[in-house]
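Content type mmCIF, C-alpha atoms and all ligand atoms, from the file structure.cif:
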```
data_final
#
loop_
_atom_site.group_PDB
_atom_site.id
_atom_site.type_symbol
_atom_site.label_atom_id
_atom_site.label_comp_id
_atom_site.auth_asym_id
_atom_site.auth_seq_id
_atom_site.Cartn_x
_atom_site.Cartn_y
_atom_site.Cartn_z
ATOM 1 C CA MET T 1 51.362 143.544 59.274
ATOM 2 C CA ALA T 2 52.513 145.061 55.965
ATOM 3 C CA SER T 3 50.311 144.257 52.990
ATOM 4 C CA SER T 4 51.895 141.974 50.412
ATOM 5 C CA PHE T 5 50.043 143.741 47.613
ATOM 6 C CA SER T 6 52.123 144.478 44.558
ATOM 7 C CA PRO T 7 51.003 145.997 41.252
ATOM 8 C CA GLU T 8 52.353 142.997 39.309
ATOM 9 C CA LYS T 9 49.886 140.753 41.127
ATOM 10 C CA ALA T 10 47.050 143.163 40.459
ATOM 11 C CA ARG T 11 45.079 140.828 38.255
ATOM 12 C CA VAL T 12 41.816 140.324 40.056
ATOM 13 C CA PRO T 13 39.937 137.053 39.865
ATOM 14 C CA PRO T 14 36.625 137.427 38.022
ATOM 15 C CA ALA T 15 33.703 138.745 40.032
ATOM 16 C CA ILE T 16 31.825 136.108 41.979
ATOM 17 C CA GLU T 17 28.559 135.033 40.296
ATOM 18 C CA LEU T 18 25.560 136.490 42.047
ATOM 19 C CA PRO T 19 24.662 133.775 44.577
ATOM 20 C CA VAL T 20 21.072 132.523 44.646
ATOM 21 C CA PRO T 21 19.532 134.353 47.602
ATOM 22 C CA PRO T 22 17.782 132.271 50.260
ATOM 23 C CA VAL T 23 14.644 134.364 49.739
ATOM 24 C CA SER T 24 13.441 136.270 46.680
ATOM 25 C CA LYS T 25 11.001 138.783 48.148
ATOM 26 C CA PHE T 26 10.836 140.171 51.662
ATOM 27 C CA LYS T 27 10.095 143.341 53.577
ATOM 28 C CA ILE T 28 12.800 145.560 55.036
ATOM 29 C CA GLY T 29 12.225 148.009 57.889
ATOM 30 C CA LEU T 30 14.302 151.183 58.243
ATOM 31 C CA CYS T 31 13.922 152.637 61.746
ATOM 32 C CA GLN T 32 14.765 156.346 61.665
ATOM 33 C CA LEU T 33 15.009 156.753 65.436
ATOM 34 C CA SER T 34 15.100 159.801 67.655
ATOM 35 C CA VAL T 35 18.238 159.598 69.795
ATOM 36 C CA THR T 36 18.664 161.237 73.207
ATOM 37 C CA ALA T 37 21.348 161.476 75.884
ATOM 38 C CA ASP T 38 19.542 158.748 77.864
ATOM 39 C CA LYS T 39 21.063 155.444 76.786
ATOM 40 C CA GLU T 40 18.508 153.233 78.543
ATOM 41 C CA ARG T 41 15.699 155.104 76.853
ATOM 42 C CA ASN T 42 17.461 154.801 73.457
ATOM 43 C CA ILE T 43 17.739 151.033 73.858
ATOM 44 C CA ALA T 44 14.107 150.602 74.931
ATOM 45 C CA HIS T 45 12.992 152.942 72.148
ATOM 46 C CA ALA T 46 14.958 151.072 69.480
ATOM 47 C CA ARG T 47 13.452 147.813 70.697
ATOM 48 C CA LEU T 48 9.915 149.150 70.289
ATOM 49 C CA ALA T 49 10.682 150.385 66.781
ATOM 50 C CA ILE T 50 12.154 147.015 65.766
ATOM 51 C CA GLU T 51 9.080 145.242 67.171
ATOM 52 C CA GLU T 52 6.796 147.608 65.255
ATOM 53 C CA ALA T 53 8.721 146.955 62.014
ATOM 54 C CA ALA T 54 8.550 143.184 62.559
ATOM 55 C CA GLU T 55 4.807 143.412 63.276
ATOM 56 C CA LYS T 56 4.424 145.096 59.886
ATOM 57 C CA GLY T 57 6.179 142.164 58.254
ATOM 58 C CA ALA T 58 9.845 143.247 58.125
ATOM 59 C CA LYS T 59 12.237 140.282 57.973
ATOM 60 C CA LEU T 60 15.254 142.592 57.962
ATOM 61 C CA VAL T 61 15.510 145.669 60.156
ATOM 62 C CA LEU T 62 18.140 148.387 59.782
ATOM 63 C CA LEU T 63 18.958 150.934 62.507
ATOM 64 C CA PRO T 64 20.793 154.288 62.288
ATOM 65 C CA GLU T 65 24.430 155.158 62.860
ATOM 66 C CA ILE T 66 25.144 155.792 66.602
ATOM 67 C CA TRP T 67 21.621 155.163 67.867
ATOM 68 C CA ASN T 68 22.421 154.593 71.567
ATOM 69 C CA SER T 69 24.411 157.802 72.106
ATOM 70 C CA PRO T 70 24.595 161.406 70.949
ATOM 71 C CA TYR T 71 26.863 161.710 67.903
ATOM 72 C CA SER T 72 29.836 163.539 69.422
ATOM 73 C CA ASN T 73 33.450 162.917 70.293
ATOM 74 C CA ASP T 74 32.647 163.750 73.921
ATOM 75 C CA SER T 75 29.955 161.067 74.041
ATOM 76 C CA PHE T 76 31.687 158.184 72.224
ATOM 77 C CA PRO T 77 33.973 157.189 75.163
ATOM 78 C CA VAL T 78 31.123 157.557 77.673
ATOM 79 C CA TYR T 79 28.556 155.461 75.777
ATOM 80 C CA ALA T 80 30.981 152.898 74.323
ATOM 81 C CA GLU T 81 30.336 149.210 75.023
ATOM 82 C CA ASP T 82 32.647 146.202 74.963
ATOM 83 C CA ILE T 83 30.773 144.067 72.466
ATOM 84 C CA ASP T 84 33.083 141.046 72.698
ATOM 85 C CA ALA T 85 32.953 140.832 76.502
ATOM 86 C CA GLY T 86 29.436 139.362 76.692
ATOM 87 C CA THR T 87 25.930 140.640 77.078
ATOM 88 C CA ASP T 88 26.412 142.354 80.459
ATOM 89 C CA SER T 89 29.024 144.688 79.035
ATOM 90 C CA SER T 90 26.947 145.559 75.964
ATOM 91 C CA PRO T 91 23.293 146.201 76.790
ATOM 92 C CA SER T 92 22.696 147.618 73.309
ATOM 93 C CA THR T 93 23.810 144.529 71.405
ATOM 94 C CA ALA T 94 22.252 142.228 74.030
ATOM 95 C CA MET T 95 18.899 143.829 73.190
ATOM 96 C CA LEU T 96 19.494 143.410 69.432
ATOM 97 C CA SER T 97 20.424 139.760 69.840
ATOM 98 C CA GLU T 98 17.419 139.029 72.035
ATOM 99 C CA VAL T 99 14.910 140.749 69.785
ATOM 100 C CA ALA T 100 16.359 139.167 66.607
ATOM 101 C CA ARG T 101 16.025 135.722 68.204
ATOM 102 C CA SER T 102 12.542 136.223 69.657
ATOM 103 C CA LEU T 103 11.102 137.765 66.470
ATOM 104 C CA LYS T 104 13.152 135.519 64.131
ATOM 105 C CA ILE T 105 14.359 138.455 62.060
ATOM 106 C CA THR T 106 17.739 139.633 60.782
ATOM 107 C CA ILE T 107 18.970 142.902 62.281
ATOM 108 C CA VAL T 108 21.638 145.163 60.841
ATOM 109 C CA GLY T 109 22.040 146.986 64.110
ATOM 110 C CA GLY T 110 22.999 150.480 63.000
ATOM 111 C CA SER T 111 26.134 151.411 64.881
ATOM 112 C CA ILE T 112 27.257 152.099 68.419
ATOM 113 C CA PRO T 113 30.544 153.277 69.888
ATOM 114 C CA GLU T 114 32.562 150.137 70.645
ATOM 115 C CA ARG T 115 35.366 149.862 73.202
ATOM 116 C CA CYS T 116 38.042 147.247 72.537
ATOM 117 C CA GLY T 117 41.054 147.505 74.846
ATOM 118 C CA ASP T 118 42.179 151.118 74.718
ATOM 119 C CA LYS T 119 40.559 151.764 71.325
ATOM 120 C CA LEU T 120 37.138 153.004 70.303
ATOM 121 C CA TYR T 121 35.381 152.128 67.052
ATOM 122 C CA ASN T 122 32.130 153.045 65.312
ATOM 123 C CA THR T 123 30.710 149.541 64.956
ATOM 124 C CA CYS T 124 27.757 147.841 63.279
ATOM 125 C CA CYS T 125 26.665 144.397 64.514
ATOM 126 C CA VAL T 126 24.574 142.056 62.381
ATOM 127 C CA PHE T 127 22.378 139.504 64.153
ATOM 128 C CA GLY T 128 20.805 136.455 62.533
ATOM 129 C CA THR T 129 17.361 135.013 63.174
ATOM 130 C CA ASP T 130 18.848 132.795 65.916
ATOM 131 C CA GLY T 131 20.101 135.894 67.757
ATOM 132 C CA LYS T 132 23.739 135.081 67.034
ATOM 133 C CA LEU T 133 26.213 137.794 66.056
ATOM 134 C CA LYS T 134 26.950 137.114 62.389
ATOM 135 C CA ALA T 135 29.239 140.043 61.614
ATOM 136 C CA LYS T 136 30.787 143.130 63.100
ATOM 137 C CA HIS T 137 31.769 146.031 60.828
ATOM 138 C CA ARG T 138 33.993 148.778 62.184
ATOM 139 C CA LYS T 139 33.674 152.004 60.169
ATOM 140 C CA ILE T 140 36.577 151.927 57.738
ATOM 141 C CA HIS T 141 36.612 155.584 56.705
ATOM 142 C CA LEU T 142 36.484 157.961 59.637
ATOM 143 C CA PHE T 143 34.457 161.124 59.163
ATOM 144 C CA ASP T 144 37.061 163.891 59.261
ATOM 145 C CA ILE T 145 35.629 166.907 57.504
ATOM 146 C CA ASN T 146 36.307 170.640 57.476
ATOM 147 C CA ILE T 147 33.921 172.898 55.575
ATOM 148 C CA PRO T 148 34.584 176.320 57.129
ATOM 149 C CA GLY T 149 31.472 178.035 58.420
ATOM 150 C CA LYS T 150 29.407 174.883 57.858
ATOM 151 C CA ILE T 151 30.727 171.771 59.554
ATOM 152 C CA VAL T 152 33.900 170.600 61.207
ATOM 153 C CA PHE T 153 34.008 167.078 62.614
ATOM 154 C CA GLU T 154 36.930 164.803 63.370
ATOM 155 C CA GLU T 155 35.953 161.276 64.313
ATOM 156 C CA SER T 156 39.649 160.403 64.375
ATOM 157 C CA LYS T 157 40.024 162.484 67.555
ATOM 158 C CA THR T 158 38.455 159.593 69.477
ATOM 159 C CA LEU T 159 37.862 156.694 67.081
ATOM 160 C CA THR T 160 40.100 154.209 65.303
ATOM 161 C CA ALA T 161 39.276 153.094 61.766
ATOM 162 C CA GLY T 162 38.275 149.498 61.069
ATOM 163 C CA GLU T 163 40.481 147.451 58.757
ATOM 164 C CA THR T 164 38.069 145.016 57.162
ATOM 165 C CA PRO T 165 35.301 145.282 54.582
ATOM 166 C CA THR T 166 32.285 143.245 55.724
ATOM 167 C CA VAL T 167 30.078 140.999 53.617
ATOM 168 C CA VAL T 168 27.704 138.720 55.486
ATOM 169 C CA ASP T 169 25.415 135.901 54.376
ATOM 170 C CA THR T 170 22.042 136.110 56.100
ATOM 171 C CA ASP T 171 18.558 134.617 55.774
ATOM 172 C CA VAL T 172 17.698 137.647 53.626
ATOM 173 C CA GLY T 173 20.651 137.530 51.264
ATOM 174 C CA ARG T 174 24.279 138.539 51.078
ATOM 175 C CA ILE T 175 24.737 141.978 52.604
ATOM 176 C CA GLY T 176 27.687 144.375 52.346
ATOM 177 C CA ILE T 177 27.987 146.724 55.311
ATOM 178 C CA GLY T 178 29.277 150.293 55.425
ATOM 179 C CA ILE T 179 28.807 153.057 57.961
ATOM 180 C CA CYS T 180 27.924 156.572 56.794
ATOM 181 C CA TYR T 181 31.124 158.133 55.393
ATOM 182 C CA ASP T 182 32.039 154.661 54.044
ATOM 183 C CA ILE T 183 29.398 155.343 51.365
ATOM 184 C CA CYS T 184 31.579 158.098 49.867
ATOM 185 C CA PHE T 185 34.124 155.505 48.739
ATOM 186 C CA GLN T 186 32.611 153.824 45.710
ATOM 187 C CA GLU T 187 35.399 151.241 45.565
ATOM 188 C CA LEU T 188 33.949 149.670 48.711
ATOM 189 C CA ALA T 189 30.536 149.240 47.068
ATOM 190 C CA MET T 190 32.233 147.828 43.957
ATOM 191 C CA LEU T 191 34.164 145.400 46.126
ATOM 192 C CA TYR T 192 30.956 144.211 47.795
ATOM 193 C CA ALA T 193 29.307 143.787 44.396
ATOM 194 C CA ALA T 194 32.328 141.802 43.195
ATOM 195 C CA ARG T 195 31.925 139.578 46.252
ATOM 196 C CA GLY T 196 28.316 138.850 45.285
ATOM 197 C CA ALA T 197 26.337 141.151 47.582
ATOM 198 C CA HIS T 198 22.603 141.501 46.876
ATOM 199 C CA LEU T 199 22.126 144.461 49.177
ATOM 200 C CA LEU T 200 24.292 147.148 50.751
ATOM 201 C CA CYS T 201 23.269 148.514 54.143
ATOM 202 C CA TYR T 202 24.613 151.833 55.366
ATOM 203 C CA PRO T 203 23.605 153.111 58.783
ATOM 204 C CA GLY T 204 24.448 156.819 58.443
ATOM 205 C CA ALA T 205 24.051 160.259 59.930
ATOM 206 C CA PHE T 206 24.810 162.679 57.134
ATOM 207 C CA ASN T 207 24.988 166.344 58.122
ATOM 208 C CA MET T 208 22.988 169.342 56.957
ATOM 209 C CA THR T 209 25.642 170.430 54.427
ATOM 210 C CA THR T 210 26.534 167.193 52.649
ATOM 211 C CA GLY T 211 23.149 165.572 53.287
ATOM 212 C CA PRO T 212 21.017 167.551 50.818
ATOM 213 C CA LEU T 213 23.619 167.216 48.042
ATOM 214 C CA HIS T 214 25.290 163.877 48.527
ATOM 215 C CA TRP T 215 23.152 161.452 50.571
ATOM 216 C CA GLU T 216 20.649 160.308 47.940
ATOM 217 C CA LEU T 217 23.108 160.809 45.085
ATOM 218 C CA LEU T 218 25.646 158.425 46.619
ATOM 219 C CA GLN T 219 23.023 155.781 47.364
ATOM 220 C CA ARG T 220 21.574 155.891 43.883
ATOM 221 C CA ALA T 221 25.023 155.876 42.289
ATOM 222 C CA SER T 222 26.050 152.818 44.326
ATOM 223 C CA ALA T 223 22.823 151.022 43.425
ATOM 224 C CA VAL T 224 22.869 151.764 39.701
ATOM 225 C CA ASP T 225 26.618 151.251 39.201
ATOM 226 C CA ASN T 226 26.601 147.940 41.024
ATOM 227 C CA GLN T 227 23.063 146.796 40.133
ATOM 228 C CA LEU T 228 22.008 145.909 43.637
ATOM 229 C CA TYR T 229 19.805 147.239 46.447
ATOM 230 C CA VAL T 230 21.045 149.978 48.781
ATOM 231 C CA ALA T 231 19.394 150.710 52.129
ATOM 232 C CA THR T 232 20.311 153.569 54.448
ATOM 233 C CA CYS T 233 19.114 154.528 57.899
ATOM 234 C CA SER T 234 19.721 157.824 59.713
ATOM 235 C CA PRO T 235 18.787 159.092 63.151
ATOM 236 C CA ALA T 236 15.819 161.491 63.146
ATOM 237 C CA ARG T 237 16.778 165.162 63.149
ATOM 238 C CA ASP T 238 17.126 166.977 66.455
ATOM 239 C CA ALA T 239 17.691 170.640 65.615
ATOM 240 C CA GLY T 240 18.797 171.290 69.205
ATOM 241 C CA SER T 241 21.589 168.716 69.306
ATOM 242 C CA GLY T 242 25.303 169.350 68.733
ATOM 243 C CA TYR T 243 25.221 167.338 65.494
ATOM 244 C CA VAL T 244 22.143 167.799 63.339
ATOM 245 C CA ALA T 245 21.385 164.791 61.145
ATOM 246 C CA TRP T 246 19.889 165.083 57.667
ATOM 247 C CA GLY T 247 17.530 162.121 58.117
ATOM 248 C CA HIS T 248 16.013 160.829 54.840
ATOM 249 C CA SER T 249 16.504 157.097 55.382
ATOM 250 C CA THR T 250 15.981 155.457 52.009
ATOM 251 C CA LEU T 251 15.732 152.224 50.030
ATOM 252 C CA VAL T 252 17.052 152.291 46.452
ATOM 253 C CA GLY T 253 16.532 149.536 43.868
ATOM 254 C CA PRO T 254 19.034 148.118 41.345
ATOM 255 C CA PHE T 255 17.948 150.547 38.594
ATOM 256 C CA GLY T 256 18.779 153.517 40.815
ATOM 257 C CA GLU T 257 15.112 154.018 41.672
ATOM 258 C CA VAL T 258 14.123 155.394 45.096
ATOM 259 C CA LEU T 259 11.656 152.798 46.382
ATOM 260 C CA ALA T 260 10.919 154.385 49.741
ATOM 261 C CA THR T 261 12.143 157.370 51.677
ATOM 262 C CA THR T 262 11.151 159.805 54.391
ATOM 263 C CA GLU T 263 11.873 163.338 55.583
ATOM 264 C CA HIS T 264 13.712 164.103 58.826
ATOM 265 C CA ASP T 265 11.236 163.180 61.575
ATOM 266 C CA GLU T 266 11.188 159.894 63.389
ATOM 267 C CA ALA T 267 9.675 157.210 61.141
ATOM 268 C CA THR T 268 9.698 153.524 60.343
ATOM 269 C CA ILE T 269 9.795 152.788 56.641
ATOM 270 C CA ILE T 270 8.589 149.401 55.462
ATOM 271 C CA SER T 271 9.353 148.511 51.859
ATOM 272 C CA GLU T 272 9.755 145.444 49.684
ATOM 273 C CA ILE T 273 12.951 144.011 48.262
ATOM 274 C CA ASP T 274 12.591 141.723 45.237
ATOM 275 C CA TYR T 275 15.869 140.056 44.325
ATOM 276 C CA SER T 276 14.513 138.791 40.987
ATOM 277 C CA LEU T 277 15.017 142.378 39.799
ATOM 278 C CA LEU T 278 18.775 142.015 40.207
ATOM 279 C CA GLU T 279 18.928 139.450 37.402
ATOM 280 C CA LEU T 280 16.459 141.435 35.303
ATOM 281 C CA ARG T 281 18.486 144.651 35.530
ATOM 282 C CA ARG T 282 21.742 142.809 34.913
ATOM 283 C CA THR T 283 20.201 141.316 31.766
ATOM 284 C CA ASN T 284 18.771 144.662 30.627
ATOM 285 C CA LEU T 285 22.106 146.390 31.159
ATOM 286 C CA PRO T 286 24.915 143.786 31.133
ATOM 287 C CA LEU T 287 27.492 146.077 32.746
ATOM 288 C CA GLN T 288 29.363 143.134 34.217
ATOM 289 C CA LYS T 289 30.103 141.674 30.783
ATOM 290 C CA GLN T 290 30.784 145.029 29.178
ATOM 291 C CA ARG T 291 33.307 146.187 31.757
ATOM 292 C CA ARG T 292 36.763 146.815 30.181
ATOM 293 C CA GLY T 293 38.934 144.751 32.500
ATOM 294 C CA ASP T 294 41.728 145.146 29.957
ATOM 295 C CA LEU T 295 41.792 148.890 30.651
ATOM 296 C CA TYR T 296 40.943 149.195 34.345
ATOM 297 C CA SER T 297 40.059 146.990 37.263
ATOM 298 C CA LEU T 298 39.209 146.961 40.935
ATOM 299 C CA VAL T 299 41.780 145.249 43.105
ATOM 300 C CA ASP T 300 40.470 143.219 46.017
ATOM 301 C CA VAL T 301 43.605 143.356 48.144
ATOM 302 C CA GLN T 302 42.248 140.938 50.749
ATOM 303 C CA ARG T 303 41.366 138.322 48.151
ATOM 304 C CA LEU T 304 44.770 138.721 46.511
ATOM 305 C CA ASN T 305 46.602 138.409 49.783
ATOM 306 C CA SER T 306 44.663 135.309 50.809
ATOM 307 C CA GLN T 307 45.603 133.424 47.618
HETATM 308 N N1 LIG P 401 28.733 160.369 60.203
HETATM 309 C C1 LIG P 401 29.249 160.553 59.007
HETATM 310 O O1 LIG P 401 30.119 159.780 58.591
HETATM 311 C C2 LIG P 401 28.696 161.720 58.258
HETATM 312 C C3 LIG P 401 29.015 161.913 56.821
HETATM 313 O O2 LIG P 401 29.627 161.102 56.132
HETATM 314 C C4 LIG P 401 28.498 163.157 56.209
HETATM 315 O O3 LIG P 401 28.865 163.460 55.046
HETATM 316 O O4 LIG P 401 27.730 163.858 56.851
#
```

Could I get this structure in the form of structure tokens?
Ligand SMILES: NC(=O)CC(=O)C(=O)O
Amino acid sequence: MASSFSPEKARVPPAIELPVPPVSKFKIGLCQLSVTADKERNIAHARLAIEEAAEKGAKLVLLPEIWNSPYSNDSFPVYAEDIDAGTDSSPSTAMLSEVARSLKITIVGGSIPERCGDKLYNTCCVFGTDGKLKAKHRKIHLFDINIPGKIVFEESKTLTAGETPTVVDTDVGRIGIGICYDICFQELAMLYAARGAHLLCYPGAFNMTTGPLHWELLQRASAVDNQLYVATCSPARDAGSGYVAWGHSTLVGPFGEVLATTEHDEATIISEIDYSLLELRRTNLPLQKQRRGDLYSLVDVQRLNSQ
């Protein structure tokens, strides 16, 4: 369907007030998992890591991008699951749902290759404490990159891009979801902030060229520009695999401060999120009020079109 967006209508309603989160302080777990070619092992392994994070007090657990499959265009069609067709056709999300329900935690389930009809997507599922699927985010910006002599990757060879930004209300606050390359598009983070997100979660697998330069920079920029928390989770590095991930899963606070991070080995990071700091930082630095909406503005096309 063609978008009905027109520049004349491009006056955006004011940003949504930051909603009162259902919880002020809680622990988040970032599971930087090793990923192999053995899907069953990957699922069992992820389950153990989630259980370990929950045992250490995590109420929200974040997994990496493509944690049930090698990250490759050859693998995506082979490992893809039909998430909407019920638990039998998606063992990976069935596990996430079951463990979220039994441990009463929220899970932002990294991403897996999703099959829907004749299309494949890179998809993140969010499960609530009752085990129900609360949101499904299909990677909006496909990772098509060509840095000669360093890295060439074309997700669009096999995958289709998602069409919808995803903000989800959970027991641990309002969360905006992006997958890896989605983090390079700051408008998406701004949109989530304008929709009242407390936290942005990005499962990601940055590469060894962009990772050292861009990974932390983008997270900190998103956090400080939008005055919210940003959490990322990568697979652990496997130097022998076709795609070598940078690792460095991280939690950044609303002042751009790195609260917890790790290197490239497998690890579970447990760190605290304190939403009272969102108000504090927004009072210290009232960017929202100082923004020059008369000179520039972000257009939320979906909100405009739904009016
Ligand atoms: N998987 C990705 O989208 C990787 C990416 O964005 C990168 O820069 O690396």

Result set of the PyMOL selection byres (((chain T and resi 224-236) around 7) and not hetatm) on the coordinates above, as an mmCIF file with C-alpha atoms, in the frame of the given file:
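Full text of result.cif as output:
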```
data_model
loop_
_atom_site.group_PDB
_atom_site.id
_atom_site.type_symbol
_atom_site.label_atom_id
_atom_site.label_comp_id
_atom_site.auth_asym_id
_atom_site.auth_seq_id
_atom_site.Cartn_x
_atom_site.Cartn_y
_atom_site.Cartn_z
ATOM 1 C CA LEU T 30 14.302 151.183 58.243
ATOM 2 C CA CYS T 31 13.922 152.637 61.746
ATOM 3 C CA GLN T 32 14.765 156.346 61.665
ATOM 4 C CA LEU T 33 15.009 156.753 65.436
ATOM 5 C CA SER T 34 15.100 159.801 67.655
ATOM 6 C CA VAL T 35 18.238 159.598 69.795
ATOM 7 C CA LEU T 62 18.140 148.387 59.782
ATOM 8 C CA LEU T 63 18.958 150.934 62.507
ATOM 9 C CA PRO T 64 20.793 154.288 62.288
ATOM 10 C CA GLU T 65 24.430 155.158 62.860
ATOM 11 C CA TRP T 67 21.621 155.163 67.867
ATOM 12 C CA MET T 190 32.233 147.828 43.957
ATOM 13 C CA ALA T 193 29.307 143.787 44.396
ATOM 14 C CA HIS T 198 22.603 141.501 46.876
ATOM 15 C CA LEU T 199 22.126 144.461 49.177
ATOM 16 C CA LEU T 200 24.292 147.148 50.751
ATOM 17 C CA CYS T 201 23.269 148.514 54.143
ATOM 18 C CA TYR T 202 24.613 151.833 55.366
ATOM 19 C CA PRO T 203 23.605 153.111 58.783
ATOM 20 C CA GLY T 204 24.448 156.819 58.443
ATOM 21 C CA ALA T 205 24.051 160.259 59.930
ATOM 22 C CA GLN T 219 23.023 155.781 47.364
ATOM 23 C CA ARG T 220 21.574 155.891 43.883
ATOM 24 C CA ALA T 221 25.023 155.876 42.289
ATOM 25 C CA SER T 222 26.050 152.818 44.326
ATOM 26 C CA ALA T 223 22.823 151.022 43.425
ATOM 27 C CA ARG T 237 16.778 165.162 63.149
ATOM 28 C CA ASP T 238 17.126 166.977 66.455
ATOM 29 C CA ALA T 245 21.385 164.791 61.145
ATOM 30 C CA GLY T 247 17.530 162.121 58.117
ATOM 31 C CA HIS T 248 16.013 160.829 54.840
ATOM 32 C CA SER T 249 16.504 157.097 55.382
ATOM 33 C CA THR T 250 15.981 155.457 52.009
ATOM 34 C CA LEU T 251 15.732 152.224 50.030
ATOM 35 C CA VAL T 252 17.052 152.291 46.452
ATOM 36 C CA GLY T 253 16.532 149.536 43.868
ATOM 37 C CA PRO T 254 19.034 148.118 41.345
ATOM 38 C CA PHE T 255 17.948 150.547 38.594
ATOM 39 C CA GLY T 256 18.779 153.517 40.815
ATOM 40 C CA HIS T 264 13.712 164.103 58.826
ATOM 41 C CA ASP T 265 11.236 163.180 61.575
ATOM 42 C CA GLU T 266 11.188 159.894 63.389
ATOM 43 C CA LEU T 278 18.775 142.015 40.207
ATOM 44 C CA ARG T 281 18.486 144.651 35.530
ATOM 45 C CA ARG T 282 21.742 142.809 34.913
#
```

### the PyMOL selection byres (((chain T and resi 84) around 12) and not hetatm) resolved against shown file, as a list in words
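Going through the file, the PyMOL selection byres (((chain T and resi 84) around 12) and not hetatm) ends up selecting Glu81, Asp82, Ile83, Ala85, Gly86, Thr87, Asp88, Ser89, Ser90, Pro91, Thr93, Ala94, Glu114, Arg115, Cys116, Gly117, Thr123, Cys125, Leu133, Ala135 and Lys136 of chain T.
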
### Task
Output the residue selection produced by the PyMOL selection byres (((chain T and resi 142-155) around 12) and not hetatm) on the file above, formatted as a ChimeraX atom specification.
/T:71-77,113,120-123,138-141,156-163,178-185,204-211,242-245

Please, what is the axis-aligned box for every listed atom of ligand LIG 401 (chain P) with 3 Å on each side, as centre and edge lengths in Å to one decimal, as lines of an AutoDock Vina configuration file?
```
center_x = 28.9
center_y = 161.8
center_z = 57.6
size_x = 8.4
size_y = 10.1
size_z = 11.2
```

### Message
Could you check the closest approach to ligand LIG 401 (chain P) for each of T:Val301, T:Val61, T:Leu218, T:Ala267 and tell me which residue wins, using only C-alpha atoms and all ligand atoms?
### Response
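Closest candidate: T:Leu218.
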
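For the atom pair formed by CA of Pro19 (chain T) and CA of Glu98 (chain T), the distance is 28.9 Å, given to one decimal.
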
### Summary
Of T:Pro22, T:Gly176, T:Gly240, T:Gly110, the one sitting nearest ligand LIG 401 (chain P) when using only C-alpha atoms and all ligand atoms is T:Gly110

### Query
Which of these residues is nearest to ligand LIG 401 (chain P), using all atoms listed in the file: T:Glu216, T:Glu257, T:Glu263, T:Glu279?
T:Glu216

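With distances restricted to all atoms listed in the file, T:Ser111 is the closest residue to ligand LIG 401 (chain P) from T:Ser306, T:Thr262, T:Ser111, T:Gln290.
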
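Across the structure, CA of Ala54 (chain T) and atom N1 of ligand LIG 401 (chain P) are spaced 26.6 Å apart.
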
### Task
Have a look at CA of Ile50 (chain T) and CA of Leu213 (chain T) and let me know their distance in Å, one decimal.
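Distance reported for this atom pair: 29.2 Å.
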
### Using only C-alpha atoms: which of T:Asn42, T:Leu18, T:Ala80, T:Ile107 has the shortest distance to Lys119 (chain T)
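Residue with the minimum atom-to-atom distance to Lys119 (chain T): T:Ala80.
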
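Distance annotation: of T:Arg291, T:His214, T:Lys25, T:His45, the residue with the minimal separation from ligand LIG 401 (chain P) is T:His214; atom set is all atoms listed in the file.
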